[in-house]
Amino acid sequence: VRYTSDGSDLKALKRSLSQSPKSKEVILLDDCFGQAYFSMKASQENELLALMMYVNSHPNKLLIMNSRVTIFQEAQARTPRLVSSLDRKEYAAYVLNMDAMPFDEKAKIFYNHLYFCELPKEYRDNIISEKNYRKIVKHRNYNPRIIEYVCLRRQWSTINPNDYAKYILQCLDTPNEIWRIEYERKIRRY
């Protein structure tokens with residue numbers, strides 16, 4: 001597995017791949033159309049296209065490019081050649097739409113975040129009581145980024161365990177603070 005969230009050095013990533021046609025590899029470009037993408041030069045955009053073509057020509061290699069839909073749409077406007085190759089189905093492209101994702105898949109995402117954030121039992125009990133987890137997963141604003149936020153230790157540790165589910169639902173009802181942090185701290189001005 002090869003992983004990067006830095007699209008600025010795709011040549012090095014490509015060099016790290018095995019030249020053996022029998023070698024199986026997965027390449028994951030996380031947030032591939034995010035911050036690093038918007039600072040790419042034209043030559044780096046060509047490198048991304050070259051990487052896609054290289055992987056496409058090797059059956060034992062798989063390229064996974066992760067991006068938010070809104071960022072992907074901005075990339076379509078900025079680099080039509082790159083994105084149109086996906087639209088023309090030159091490469092297998094799959095879009096995971098959170099709105100269309102089944103309940104059990106969303107529940108697995110929620111469970112995974114709760115498990116790895118090492119949430120104390122009292123907090124988990126609050127989520128389980130009165131089937132609060134169902135209210136959370138079925139919420140119209142359910143989003144993995146919001147779930148990640150509410151599962152941060154610095155967030156849940158300030159909440160009374162008996163109010164944790166209520167807190168999560170409030171964050172889902174009004175996610176302004178979460179998105180403000182995304183826009184002010186994580187997205188650079190371009």
# chains A, B, ... in the order shown; residues from 1 in each chain; ligands from 1

$ residues_around --residues "Glu25 in chain A" --least-positions-apart "4" --cutoff "10 Å" --atoms "only C-alpha atoms" --output "ChimeraX atom specification"
/A:1-2,17-18,55,58-63

$ residues_around --residues "Val150 in chain A" --least-positions-apart "4" --cutoff "12 Å" --atoms "only C-alpha atoms" --output "VMD selection string"
chain A and resid 110 113 to 114 117 119 123 136 142 to 146 154 to 159 164 to 172 175 177 to 178

$ write_last_selection --atoms "C-alpha atoms" --output "compact mmCIF listing (two decimals), in the first residue's frame"
# COMPACT_ATOMS: atom_id res chain seq x y z
CA PHE A 110 -19.86 5.93 13.40
CA HIS A 113 -14.85 6.49 15.08
CA LEU A 114 -16.22 5.66 18.52
CA CYS A 117 -11.32 7.45 19.92
CA LEU A 119 -14.48 6.66 24.30
CA TYR A 123 -20.24 7.93 26.92
CA ILE A 136 -27.38 10.22 15.06
CA TYR A 142 -24.79 13.01 9.19
CA ASN A 143 -21.29 13.41 7.83
CA PRO A 144 -18.04 11.58 8.65
CA ARG A 145 -16.23 14.89 9.18
CA ILE A 146 -18.74 15.92 11.85
CA ARG A 154 -10.78 17.37 23.25
CA GLN A 155 -14.47 17.51 22.31
CA TRP A 156 -16.02 14.63 24.26
CA SER A 157 -13.87 15.12 27.35
CA THR A 158 -15.54 18.50 27.97
CA ILE A 159 -19.06 17.00 27.81
CA TYR A 164 -22.90 13.17 24.91
CA ALA A 165 -25.59 11.98 22.47
CA LYS A 166 -27.41 15.27 22.91
CA TYR A 167 -24.16 17.11 22.14
CA ILE A 168 -23.62 15.06 18.96
CA LEU A 169 -27.17 15.77 17.80
CA GLN A 170 -26.67 19.49 18.49
CA CYS A 171 -23.50 19.44 16.38
CA LEU A 172 -25.42 17.73 13.60
CA PRO A 175 -22.55 22.26 12.41
CA GLU A 177 -18.55 25.62 14.45
CA ILE A 178 -17.20 22.51 12.76

$ residues_around --residues "Asp99 in chain A" --least-positions-apart "2" --cutoff "12 Å" --atoms "only C-alpha atoms" --output "PyMOL selection string"
chain A and resi 69+95-97+101-103+105-106+137-144

$ write_last_selection --atoms "C-alpha atoms" --output "PDB file, in the first residue's frame"
ATOM      1  CA  VAL A  69     -17.630  16.170  -3.847  1.00  0.00           C
ATOM      2  CA  VAL A  95     -18.579   8.110  -6.177  1.00  0.00           C
ATOM      3  CA  LEU A  96     -19.677   7.324  -2.638  1.00  0.00           C
ATOM      4  CA  ASN A  97     -22.578   9.606  -1.865  1.00  0.00           C
ATOM      5  CA  MET A 101     -25.266   5.338   1.731  1.00  0.00           C
ATOM      6  CA  PRO A 102     -27.251   2.631   3.571  1.00  0.00           C
ATOM      7  CA  PHE A 103     -27.909   3.016   7.289  1.00  0.00           C
ATOM      8  CA  GLU A 105     -22.689   1.520   6.368  1.00  0.00           C
ATOM      9  CA  LYS A 106     -23.112   4.882   8.084  1.00  0.00           C
ATOM     10  CA  VAL A 137     -26.844   7.949  12.060  1.00  0.00           C
ATOM     11  CA  LYS A 138     -30.210   8.848  10.519  1.00  0.00           C
ATOM     12  CA  HIS A 139     -29.699  12.585  10.997  1.00  0.00           C
ATOM     13  CA  ARG A 140     -30.055  14.611   7.782  1.00  0.00           C
ATOM     14  CA  ASN A 141     -26.644  16.247   8.379  1.00  0.00           C
ATOM     15  CA  TYR A 142     -24.794  13.008   9.186  1.00  0.00           C
ATOM     16  CA  ASN A 143     -21.290  13.407   7.825  1.00  0.00           C
ATOM     17  CA  PRO A 144     -18.041  11.576   8.649  1.00  0.00           C
TER      18      PRO A 144
END

$ closest_residue --among "A:Asn162, A:Leu28, A:Ala100, A:Lys14" --to "Asp125 in chain A" --atoms "only C-alpha atoms"
A:Asn162

$ atom_distance --atom1 "CA of Val26 in chain A" --atom2 "CA of Tyr3 in chain A"
8.3 Å

$ atom_distance --atom1 "CA of Lys131 in chain A" --atom2 "CA of Thr174 in chain A"
21.0 Å

$ atom_distance --atom1 "CA of Leu29 in chain A" --atom2 "CA of Thr4 in chain A"
5.3 Å

$ residues_around --residues "Leu51 in chain A" --least-positions-apart "5" --cutoff "9 Å" --atoms "only C-alpha atoms" --output "list in words"
Leu10, Lys11, Leu13, Lys14, Asn46, Asn56 and Leu63 of chain A

$ write_last_selection --atoms "N, CA and C atoms" --output "short mmCIF file (atom, residue, chain, number, x, y, z; two decimals), in the first residue's frame"
data_model
loop_
_atom_site.label_atom_id
_atom_site.label_comp_id
_atom_site.auth_asym_id
_atom_site.auth_seq_id
_atom_site.Cartn_x
_atom_site.Cartn_y
_atom_site.Cartn_z
N LEU A 10 4.36 13.45 -6.87
CA LEU A 10 3.82 12.23 -7.46
C LEU A 10 4.88 11.43 -8.21
N LYS A 11 5.94 12.10 -8.68
CA LYS A 11 7.03 11.37 -9.35
C LYS A 11 7.67 10.39 -8.37
N LEU A 13 6.31 9.12 -5.72
CA LEU A 13 5.33 8.08 -5.44
C LEU A 13 5.35 7.03 -6.55
N LYS A 14 5.37 7.49 -7.79
CA LYS A 14 5.39 6.56 -8.92
C LYS A 14 6.68 5.73 -8.92
N ASN A 46 -0.17 17.10 -14.72
CA ASN A 46 0.17 16.11 -15.74
C ASN A 46 0.73 14.84 -15.10
N ASN A 56 -3.70 2.39 -14.53
CA ASN A 56 -4.74 1.81 -15.39
C ASN A 56 -4.18 0.74 -16.32
N LEU A 63 -5.64 2.41 -7.92
CA LEU A 63 -5.48 3.79 -7.46
C LEU A 63 -6.80 4.24 -6.84
#

$ closest_residue --among "A:Glu130, A:Glu47, A:Glu148, A:Asp30" --to "Asn112 in chain A" --atoms "only C-alpha atoms"
A:Glu148

$ closest_residue --among "A:Ile64, A:Ser16, A:Tyr111, A:Pro120" --to "Arg153 in chain A" --atoms "only C-alpha atoms"
A:Pro120

$ closest_residue --among "A:Cys32, A:Met65, A:Met98, A:Ile27" --to "Ser5 in chain A" --atoms "only C-alpha atoms"
A:Cys32

$ closest_residue --among "A:Tyr115, A:Asn132, A:Met52, A:Ser23" --to "Leu152 in chain A" --atoms "only C-alpha atoms"
A:Tyr115
